[in-house]
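Structure file start-v1.pdb with PDB, C-alpha atoms, pLDDT in the B column:
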ATOM      1  CA  MET A   1      19.460 -22.675  40.758  1.00 43.00           C
ATOM      2  CA  SER A   2      19.058 -23.259  44.458  1.00 41.00           C
ATOM      3  CA  GLU A   3      21.073 -25.968  46.226  1.00 45.00           C
ATOM      4  CA  GLU A   4      18.718 -25.670  49.194  1.00 45.00           C
ATOM      5  CA  LEU A   5      15.736 -26.801  47.090  1.00 45.00           C
ATOM      6  CA  PRO A   6      17.124 -29.549  44.816  1.00 52.00           C
ATOM      7  CA  GLU A   7      13.730 -31.187  44.342  1.00 66.00           C
ATOM      8  CA  LEU A   8      12.012 -27.977  43.300  1.00 77.00           C
ATOM      9  CA  ARG A   9      10.396 -28.417  39.898  1.00 80.00           C
ATOM     10  CA  ALA A  10      12.279 -26.719  37.044  1.00 79.00           C
ATOM     11  CA  SER A  11      10.475 -24.431  34.617  1.00 79.00           C
ATOM     12  CA  ASP A  12      10.827 -24.142  30.828  1.00 77.00           C
ATOM     13  CA  ALA A  13      12.893 -20.978  31.384  1.00 77.00           C
ATOM     14  CA  ASP A  14      15.247 -22.866  33.738  1.00 80.00           C
ATOM     15  CA  ARG A  15      15.777 -25.613  31.186  1.00 83.00           C
ATOM     16  CA  GLU A  16      16.382 -23.127  28.376  1.00 81.00           C
ATOM     17  CA  LYS A  17      18.973 -21.221  30.436  1.00 83.00           C
ATOM     18  CA  VAL A  18      20.912 -24.459  30.929  1.00 86.00           C
ATOM     19  CA  ALA A  19      20.538 -25.324  27.228  1.00 83.00           C
ATOM     20  CA  GLU A  20      21.954 -21.917  26.309  1.00 81.00           C
ATOM     21  CA  ARG A  21      24.977 -22.438  28.554  1.00 85.00           C
ATOM     22  CA  LEU A  22      25.583 -25.744  26.780  1.00 84.00           C
ATOM     23  CA  ARG A  23      25.331 -24.064  23.366  1.00 80.00           C
ATOM     24  CA  ASP A  24      27.851 -21.456  24.473  1.00 79.00           C
ATOM     25  CA  ALA A  25      30.182 -24.173  25.769  1.00 81.00           C
ATOM     26  CA  MET A  26      30.004 -26.001  22.446  1.00 76.00           C
ATOM     27  CA  ALA A  27      30.714 -22.769  20.542  1.00 72.00           C
ATOM     28  CA  GLU A  28      33.813 -22.236  22.731  1.00 75.00           C
ATOM     29  CA  GLY A  29      35.021 -25.784  22.112  1.00 77.00           C
ATOM     30  CA  ARG A  30      34.437 -26.944  25.700  1.00 84.00           C
ATOM     31  CA  LEU A  31      31.974 -29.609  24.492  1.00 83.00           C
ATOM     32  CA  ASP A  32      32.047 -31.632  21.289  1.00 81.00           C
ATOM     33  CA  MET A  33      28.877 -32.384  19.319  1.00 77.00           C
ATOM     34  CA  ASP A  34      28.291 -35.771  20.979  1.00 79.00           C
ATOM     35  CA  GLU A  35      28.682 -34.367  24.510  1.00 85.00           C
ATOM     36  CA  PHE A  36      26.464 -31.423  23.629  1.00 82.00           C
ATOM     37  CA  GLY A  37      23.760 -33.701  22.210  1.00 80.00           C
ATOM     38  CA  GLU A  38      23.783 -35.999  25.247  1.00 87.00           C
ATOM     39  CA  ARG A  39      23.559 -33.128  27.708  1.00 89.00           C
ATOM     40  CA  LEU A  40      20.890 -31.318  25.713  1.00 86.00           C
ATOM     41  CA  ASP A  41      18.763 -34.481  25.712  1.00 85.00           C
ATOM     42  CA  ALA A  42      19.152 -34.637  29.494  1.00 89.00           C
ATOM     43  CA  VAL A  43      18.159 -30.962  29.843  1.00 88.00           C
ATOM     44  CA  TYR A  44      14.789 -31.458  28.188  1.00 86.00           C
ATOM     45  CA  ARG A  45      14.150 -34.636  30.193  1.00 88.00           C
ATOM     46  CA  ALA A  46      14.946 -32.930  33.494  1.00 86.00           C
ATOM     47  CA  ARG A  47      12.101 -32.223  35.885  1.00 87.00           C
ATOM     48  CA  THR A  48      13.937 -30.760  38.903  1.00 85.00           C
ATOM     49  CA  TYR A  49      16.876 -28.471  39.702  1.00 81.00           C
ATOM     50  CA  ALA A  50      18.773 -31.509  41.012  1.00 84.00           C
ATOM     51  CA  GLU A  51      18.662 -33.064  37.534  1.00 86.00           C
ATOM     52  CA  LEU A  52      19.786 -29.854  35.801  1.00 86.00           C
ATOM     53  CA  GLU A  53      22.661 -28.836  38.072  1.00 85.00           C
ATOM     54  CA  PRO A  54      25.158 -31.612  37.131  1.00 88.00           C
ATOM     55  CA  LEU A  55      24.856 -30.780  33.431  1.00 90.00           C
ATOM     56  CA  THR A  56      26.799 -27.512  33.805  1.00 89.00           C
ATOM     57  CA  ARG A  57      28.837 -28.315  36.930  1.00 86.00           C
ATOM     58  CA  ASP A  58      32.115 -28.511  34.964  1.00 87.00           C
ATOM     59  CA  LEU A  59      31.439 -25.369  32.867  1.00 85.00           C
ATOM     60  CA  PRO A  60      32.314 -21.733  33.691  1.00 76.00           C
ATOM     61  CA  ALA A  61      29.600 -19.793  35.463  1.00 62.00           C
ATOM     62  CA  THR A  62      27.750 -17.102  33.540  1.00 52.00           C
ATOM     63  CA  GLY A  63      29.786 -13.924  33.544  1.00 42.00           C
ATOM     64  CA  SER A  64      33.171 -15.650  34.050  1.00 38.00           C
ATOM     65  CA  GLY A  65      34.235 -15.534  30.454  1.00 38.00           C
ATOM     66  CA  ALA A  66      31.360 -17.409  28.876  1.00 37.00           C
ATOM     67  CA  PRO A  67      29.525 -15.549  26.092  1.00 37.00           C
ATOM     68  CA  ALA A  68      26.347 -13.731  26.999  1.00 38.00           C
ATOM     69  CA  ALA A  69      23.070 -15.435  26.201  1.00 38.00           C
ATOM     70  CA  ARG A  70      22.005 -14.853  22.639  1.00 41.00           C
ATOM     71  CA  PRO A  71      18.727 -12.933  22.127  1.00 37.00           C
ATOM     72  CA  GLY A  72      15.872 -15.250  21.327  1.00 38.00           C
ATOM     73  CA  ALA A  73      17.264 -18.260  23.190  1.00 39.00           C
ATOM     74  CA  GLU A  74      14.377 -18.205  25.674  1.00 38.00           C
ATOM     75  CA  SER A  75      11.975 -18.851  22.805  1.00 40.00           C
ATOM     76  CA  GLY A  76      13.873 -21.928  21.589  1.00 47.00           C
ATOM     77  CA  GLY A  77      16.027 -20.189  18.970  1.00 57.00           C
ATOM     78  CA  GLU A  78      19.064 -21.952  17.501  1.00 70.00           C
ATOM     79  CA  ASN A  79      22.688 -20.941  18.068  1.00 78.00           C
ATOM     80  CA  TRP A  80      23.440 -21.000  14.348  1.00 84.00           C
ATOM     81  CA  PRO A  81      27.060 -19.752  14.504  1.00 84.00           C
ATOM     82  CA  ALA A  82      27.927 -22.858  16.535  1.00 85.00           C
ATOM     83  CA  ARG A  83      26.441 -25.085  13.831  1.00 89.00           C
ATOM     84  CA  ILE A  84      28.282 -23.623  10.842  1.00 90.00           C
ATOM     85  CA  GLY A  85      31.785 -24.828  10.021  1.00 89.00           C
ATOM     86  CA  GLY A  86      33.720 -28.059   9.678  1.00 85.00           C
ATOM     87  CA  THR A  87      34.184 -30.574   6.894  1.00 89.00           C
ATOM     88  CA  GLY A  88      31.153 -31.975   5.139  1.00 88.00           C
ATOM     89  CA  ASP A  89      30.315 -35.666   5.321  1.00 85.00           C
ATOM     90  CA  ALA A  90      28.996 -37.584   2.284  1.00 86.00           C
ATOM     91  CA  ARG A  91      28.668 -35.360  -0.774  1.00 92.00           C
ATOM     92  CA  TRP A  92      26.547 -37.762  -2.835  1.00 92.00           C
ATOM     93  CA  GLY A  93      23.287 -39.611  -2.359  1.00 94.00           C
ATOM     94  CA  ILE A  94      22.307 -42.142  -5.031  1.00 94.00           C
ATOM     95  CA  GLY A  95      19.125 -44.213  -5.116  1.00 92.00           C
ATOM     96  CA  VAL A  96      18.788 -46.482  -8.180  1.00 93.00           C
ATOM     97  CA  LEU A  97      15.952 -48.945  -7.625  1.00 91.00           C
ATOM     98  CA  SER A  98      16.686 -48.271  -3.945  1.00 92.00           C
ATOM     99  CA  GLY A  99      17.003 -45.388  -1.532  1.00 92.00           C
ATOM    100  CA  PHE A 100      19.395 -43.320   0.580  1.00 94.00           C
ATOM    101  CA  GLN A 101      19.092 -41.115   3.639  1.00 93.00           C
ATOM    102  CA  HIS A 102      21.128 -38.733   5.738  1.00 93.00           C
ATOM    103  CA  THR A 103      19.512 -37.849   9.062  1.00 92.00           C
ATOM    104  CA  GLY A 104      20.441 -36.944  12.618  1.00 89.00           C
ATOM    105  CA  ARG A 105      23.786 -35.324  13.421  1.00 89.00           C
ATOM    106  CA  TRP A 106      25.810 -35.051  10.241  1.00 92.00           C
ATOM    107  CA  THR A 107      27.691 -32.244   8.508  1.00 94.00           C
ATOM    108  CA  VAL A 108      26.050 -31.000   5.320  1.00 95.00           C
ATOM    109  CA  PRO A 109      28.652 -30.147   2.650  1.00 95.00           C
ATOM    110  CA  ALA A 110      28.523 -26.854   0.775  1.00 95.00           C
ATOM    111  CA  ARG A 111      27.540 -28.827  -2.333  1.00 97.00           C
ATOM    112  CA  PHE A 112      25.511 -32.052  -2.291  1.00 97.00           C
ATOM    113  CA  LYS A 113      24.308 -34.110  -5.265  1.00 96.00           C
ATOM    114  CA  ALA A 114      21.195 -36.293  -4.958  1.00 96.00           C
ATOM    115  CA  ILE A 115      20.236 -38.753  -7.710  1.00 95.00           C
ATOM    116  CA  ALA A 116      17.077 -40.877  -7.631  1.00 95.00           C
ATOM    117  CA  PHE A 117      16.175 -43.240 -10.482  1.00 94.00           C
ATOM    118  CA  TRP A 118      13.181 -45.397  -9.641  1.00 92.00           C
ATOM    119  CA  GLY A 119      14.156 -44.782  -6.058  1.00 92.00           C
ATOM    120  CA  GLY A 120      14.166 -42.125  -3.394  1.00 93.00           C
ATOM    121  CA  GLY A 121      16.222 -40.174  -0.909  1.00 95.00           C
ATOM    122  CA  GLN A 122      15.745 -38.385   2.407  1.00 95.00           C
ATOM    123  CA  LEU A 123      17.901 -35.472   3.598  1.00 96.00           C
ATOM    124  CA  ASP A 124      17.040 -34.280   7.110  1.00 95.00           C
ATOM    125  CA  LEU A 125      18.938 -31.114   8.074  1.00 95.00           C
ATOM    126  CA  ARG A 126      17.231 -30.394  11.389  1.00 93.00           C
ATOM    127  CA  GLU A 127      20.025 -31.679  13.674  1.00 91.00           C
ATOM    128  CA  ALA A 128      22.853 -31.227  11.182  1.00 92.00           C
ATOM    129  CA  ARG A 129      25.886 -28.958  11.104  1.00 93.00           C
ATOM    130  CA  PHE A 130      26.614 -26.982   7.937  1.00 95.00           C
ATOM    131  CA  GLU A 131      29.992 -26.725   6.230  1.00 94.00           C
ATOM    132  CA  SER A 132      29.095 -23.317   4.789  1.00 94.00           C
ATOM    133  CA  ARG A 133      26.541 -20.560   5.266  1.00 93.00           C
ATOM    134  CA  GLU A 134      25.143 -21.507   1.851  1.00 95.00           C
ATOM    135  CA  THR A 135      24.387 -25.081   0.863  1.00 96.00           C
ATOM    136  CA  VAL A 136      23.534 -26.051  -2.704  1.00 97.00           C
ATOM    137  CA  ILE A 137      21.660 -29.341  -3.194  1.00 97.00           C
ATOM    138  CA  ASP A 138      21.522 -30.537  -6.797  1.00 97.00           C
ATOM    139  CA  CYS A 139      18.701 -33.049  -7.321  1.00 96.00           C
ATOM    140  CA  TRP A 140      18.187 -35.229 -10.394  1.00 95.00           C
ATOM    141  CA  THR A 141      15.163 -37.517 -10.270  1.00 95.00           C
ATOM    142  CA  VAL A 142      13.646 -39.836 -12.875  1.00 95.00           C
ATOM    143  CA  MET A 143      10.536 -41.686 -11.718  1.00 93.00           C
ATOM    144  CA  GLY A 144      11.777 -41.145  -8.203  1.00 92.00           C
ATOM    145  CA  GLY A 145      11.870 -38.528  -5.515  1.00 94.00           C
ATOM    146  CA  VAL A 146      13.971 -36.694  -2.954  1.00 96.00           C
ATOM    147  CA  ASN A 147      12.616 -35.161   0.249  1.00 95.00           C
ATOM    148  CA  ILE A 148      14.519 -32.431   2.102  1.00 96.00           C
ATOM    149  CA  VAL A 149      13.592 -31.448   5.676  1.00 95.00           C
ATOM    150  CA  VAL A 150      14.860 -28.138   7.097  1.00 94.00           C
ATOM    151  CA  PRO A 151      14.416 -26.557  10.553  1.00 90.00           C
ATOM    152  CA  PRO A 152      12.638 -23.259  11.187  1.00 89.00           C
ATOM    153  CA  GLY A 153      14.733 -20.205  10.381  1.00 88.00           C
ATOM    154  CA  VAL A 154      16.616 -21.704   7.429  1.00 92.00           C
ATOM    155  CA  GLN A 155      15.897 -19.912   4.173  1.00 90.00           C
ATOM    156  CA  VAL A 156      15.236 -22.215   1.221  1.00 93.00           C
ATOM    157  CA  GLU A 157      15.450 -21.176  -2.419  1.00 93.00           C
ATOM    158  CA  VAL A 158      14.051 -23.612  -4.993  1.00 93.00           C
ATOM    159  CA  ARG A 159      15.170 -23.321  -8.624  1.00 91.00           C
ATOM    160  CA  GLY A 160      14.451 -26.787 -10.026  1.00 91.00           C
ATOM    161  CA  ILE A 161      12.684 -27.677 -13.283  1.00 92.00           C
ATOM    162  CA  GLY A 162      10.030 -30.375 -13.392  1.00 91.00           C
ATOM    163  CA  ILE A 163       8.593 -32.217 -16.409  1.00 92.00           C
ATOM    164  CA  MET A 164       5.600 -34.292 -15.411  1.00 88.00           C
ATOM    165  CA  GLY A 165       7.042 -33.740 -11.955  1.00 85.00           C
ATOM    166  CA  GLY A 166       7.886 -30.824  -9.749  1.00 90.00           C
ATOM    167  CA  PHE A 167       9.813 -29.071  -6.989  1.00 93.00           C
ATOM    168  CA  GLY A 168       8.066 -28.072  -3.770  1.00 89.00           C
ATOM    169  CA  ARG A 169       8.827 -25.049  -1.634  1.00 87.00           C
ATOM    170  CA  PRO A 170       8.395 -25.154   2.186  1.00 86.00           C
ATOM    171  CA  ALA A 171       6.193 -22.762   4.123  1.00 76.00           C
ATOM    172  CA  GLY A 172       7.669 -20.223   6.519  1.00 67.00           C
ATOM    173  CA  ASP A 173      10.348 -18.571   4.366  1.00 60.00           C
ATOM    174  CA  ASP A 174       8.883 -15.143   5.082  1.00 61.00           C
ATOM    175  CA  THR A 175      10.801 -14.869   8.388  1.00 73.00           C
ATOM    176  CA  PRO A 176      14.262 -16.460   7.966  1.00 81.00           C
ATOM    177  CA  ASP A 177      16.779 -16.227  10.797  1.00 85.00           C
ATOM    178  CA  PRO A 178      19.573 -13.852   9.647  1.00 85.00           C
ATOM    179  CA  ASP A 179      22.198 -16.071  11.343  1.00 87.00           C
ATOM    180  CA  ALA A 180      20.899 -19.303   9.806  1.00 90.00           C
ATOM    181  CA  PRO A 181      22.411 -20.962   6.737  1.00 92.00           C
ATOM    182  CA  ARG A 182      20.747 -20.709   3.345  1.00 94.00           C
ATOM    183  CA  VAL A 183      19.797 -23.783   1.310  1.00 96.00           C
ATOM    184  CA  VAL A 184      19.475 -23.671  -2.482  1.00 96.00           C
ATOM    185  CA  VAL A 185      17.652 -26.608  -4.089  1.00 96.00           C
ATOM    186  CA  ARG A 186      17.996 -26.973  -7.831  1.00 96.00           C
ATOM    187  CA  GLY A 187      18.056 -29.625 -10.537  1.00 95.00           C
ATOM    188  CA  PHE A 188      15.671 -31.567 -12.760  1.00 95.00           C
ATOM    189  CA  ALA A 189      12.723 -33.888 -12.093  1.00 94.00           C
ATOM    190  CA  PHE A 190      11.166 -36.087 -14.784  1.00 94.00           C
ATOM    191  CA  TRP A 191       8.133 -38.094 -13.710  1.00 90.00           C
ATOM    192  CA  GLY A 192       9.321 -37.492 -10.190  1.00 89.00           C
ATOM    193  CA  GLY A 193       9.578 -34.819  -7.581  1.00 92.00           C
ATOM    194  CA  VAL A 194      11.711 -33.010  -5.063  1.00 95.00           C
ATOM    195  CA  GLY A 195       9.920 -31.941  -1.908  1.00 93.00           C
ATOM    196  CA  THR A 196      11.093 -29.552   0.798  1.00 93.00           C
ATOM    197  CA  GLU A 197       9.344 -29.245   4.141  1.00 93.00           C
ATOM    198  CA  ARG A 198       9.957 -27.384   7.372  1.00 91.00           C
ATOM    199  CA  LYS A 199       9.735 -29.191  10.711  1.00 90.00           C
ATOM    200  CA  PRO A 200      10.833 -28.238  14.246  1.00 86.00           C
ATOM    201  CA  THR A 201      14.012 -29.682  15.742  1.00 83.00           C
ATOM    202  CA  ARG A 202      13.933 -32.266  18.513  1.00 78.00           C
ATOM    203  CA  ALA A 203      14.762 -29.587  21.095  1.00 75.00           C
ATOM    204  CA  GLN A 204      11.960 -27.350  19.824  1.00 74.00           C
ATOM    205  CA  ARG A 205       9.454 -30.225  19.958  1.00 73.00           C
ATOM    206  CA  ARG A 206      10.431 -30.984  23.535  1.00 75.00           C
ATOM    207  CA  LEU A 207      10.159 -27.329  24.518  1.00 74.00           C
ATOM    208  CA  GLU A 208       6.685 -27.145  22.992  1.00 70.00           C
ATOM    209  CA  LYS A 209       5.679 -30.380  24.730  1.00 73.00           C
ATOM    210  CA  GLU A 210       6.847 -28.994  28.069  1.00 72.00           C
ATOM    211  CA  ARG A 211       4.957 -25.770  27.448  1.00 69.00           C
ATOM    212  CA  ARG A 212       1.741 -27.649  26.723  1.00 71.00           C
ATOM    213  CA  ARG A 213       2.252 -29.880  29.744  1.00 71.00           C
ATOM    214  CA  GLY A 214       2.745 -26.816  31.931  1.00 66.00           C
ATOM    215  CA  GLU A 215      -0.420 -25.225  30.548  1.00 63.00           C
ATOM    216  CA  GLY A 216      -2.300 -28.452  31.266  1.00 62.00           C
ATOM    217  CA  GLU A 217      -1.076 -28.510  34.869  1.00 57.00           C
ATOM    218  CA  ASP A 218      -2.055 -24.852  35.299  1.00 52.00           C
ATOM    219  CA  ARG A 219      -5.563 -25.610  34.015  1.00 59.00           C
ATOM    220  CA  LYS A 220      -5.880 -28.525  36.475  1.00 59.00           C
ATOM    221  CA  GLU A 221      -4.860 -26.278  39.362  1.00 57.00           C
ATOM    222  CA  LEU A 222      -7.359 -23.623  38.304  1.00 58.00           C
ATOM    223  CA  GLY A 223     -10.043 -26.282  37.904  1.00 57.00           C
TER     224      GLY A 223
END
Final structure tokens representation of the file:
Amino acid sequence: MSEELPELRASDADREKVAERLRDAMAEGRLDMDEFGERLDAVYRARTYAELEPLTRDLPATGSGAPAARPGAESGGENWPARIGGTGDARWGIGVLSGFQHTGRWTVPARFKAIAFWGGGQLDLREARFESRETVIDCWTVMGGVNIVVPPGVQVEVRGIGIMGGFGRPAGDDTPDPDAPRVVVRGFAFWGGVGTERKPTRAQRRLEKERRRGEGEDRKELG
């Protein structure tokens, strides 16, 4: 980044380079999850070099001991090794005539049990950490349902049995990320269902939004 041109507009590539430095810093233990999340939010809101520069001012410069950028980061890939490890949060989710949800930044345990009886549950893994490289989610639903949201790259294996109900498999499992965790969904659904769907992370949505905005500005200039 240039200190002589602080108001120069930043590109998607500039923002992603800063985001990658933050991911590396978190993997090294220089930033905790809250600090990383706050700075990453600021990265994708930044419009100029002047807004990006303070976000890495207290971190080692590239090449001074920080890990090299991981292949695929420029395309919005996840730093999965930095998101695997730690102690899982809640290991149960129970919805009886009610509901439960786990979303945002939480740590998914290696084994999670979800029970829905005339109720429902939501498990969103897009911004979560994972206790283990393999997560098993046992779902038991009776006249209820559980919905599981995973980010791109995570492989999902569905083994559940449905009677007058069913288990859904997400699209996109043909190209799993080899570094990403694996999620196994199993259990039993009676007059109910367990759905799994794949959605982009918040960072990926912002990157795509910036890309579209940049394409729109280019079209205006050409017009």
Subject >> Nearest-residue call for Pro109 in chain A, choices A:Val96, A:Ala46, A:Val150, A:Ile84, using only C-alpha atoms >> reply: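 Comparing A:Val96, A:Ala46, A:Val150, A:Ile84 against Pro109 in chain A, the winner is A:Ile84.
Take the candidates A:Lys209, A:Arg182, A:Arg21, A:Arg15 and check each one against Leu52 in chain A using only C-alpha atoms; the shortest distance goes to A:Arg15.
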Subject >> A:Thr135, A:Thr56, A:Thr141, A:Thr103 ranked by distance to Phe36 in chain A, top pick (using only C-alpha atoms) >> reply: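 Closest residue, counting only C-alpha atoms: A:Thr56.
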**OP:** Kindly resolve the PyMOL selection byres ((chain A and resi 185) around 9) on the present coordinates and return the residues as JSON, numbers by chain.
**Re:** {"A": [135, 136, 137, 138, 139, 156, 157, 158, 159, 160, 167, 183, 184, 186, 187, 194, 196]}
**OP:** Give me, please, the distance in Å between CA of Glu28 in chain A and CA of Asp12 in chain A, quoted to one decimal.
**Re:** 24.4 Å
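We find CA of Lys17 in chain A and CA of Gly153 in chain A to be spaced 20.5 Å apart.
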Subject >> Nearest to Ala42 in chain A by atom-to-atom distance, counting all atoms listed in the file, from A:Glu134, A:Glu16, A:Asp58, A:Asp24 >> reply: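 Closest residue, counting all atoms listed in the file: A:Glu16.
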Subject >> Hits of the PyMOL selection byres ((chain A and resi 190) around 9) in this structure, as an MDAnalysis selection string >> reply: chainID A and resid 140:144 161:166 188:189 191:193
**OP:** To one decimal in Å, tell me the separation between CA of Thr48 in chain A and CA of Gly29 in chain A.
**Re:**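 For CA of Thr48 in chain A relative to CA of Gly29 in chain A, the distance reads 27.4 Å.
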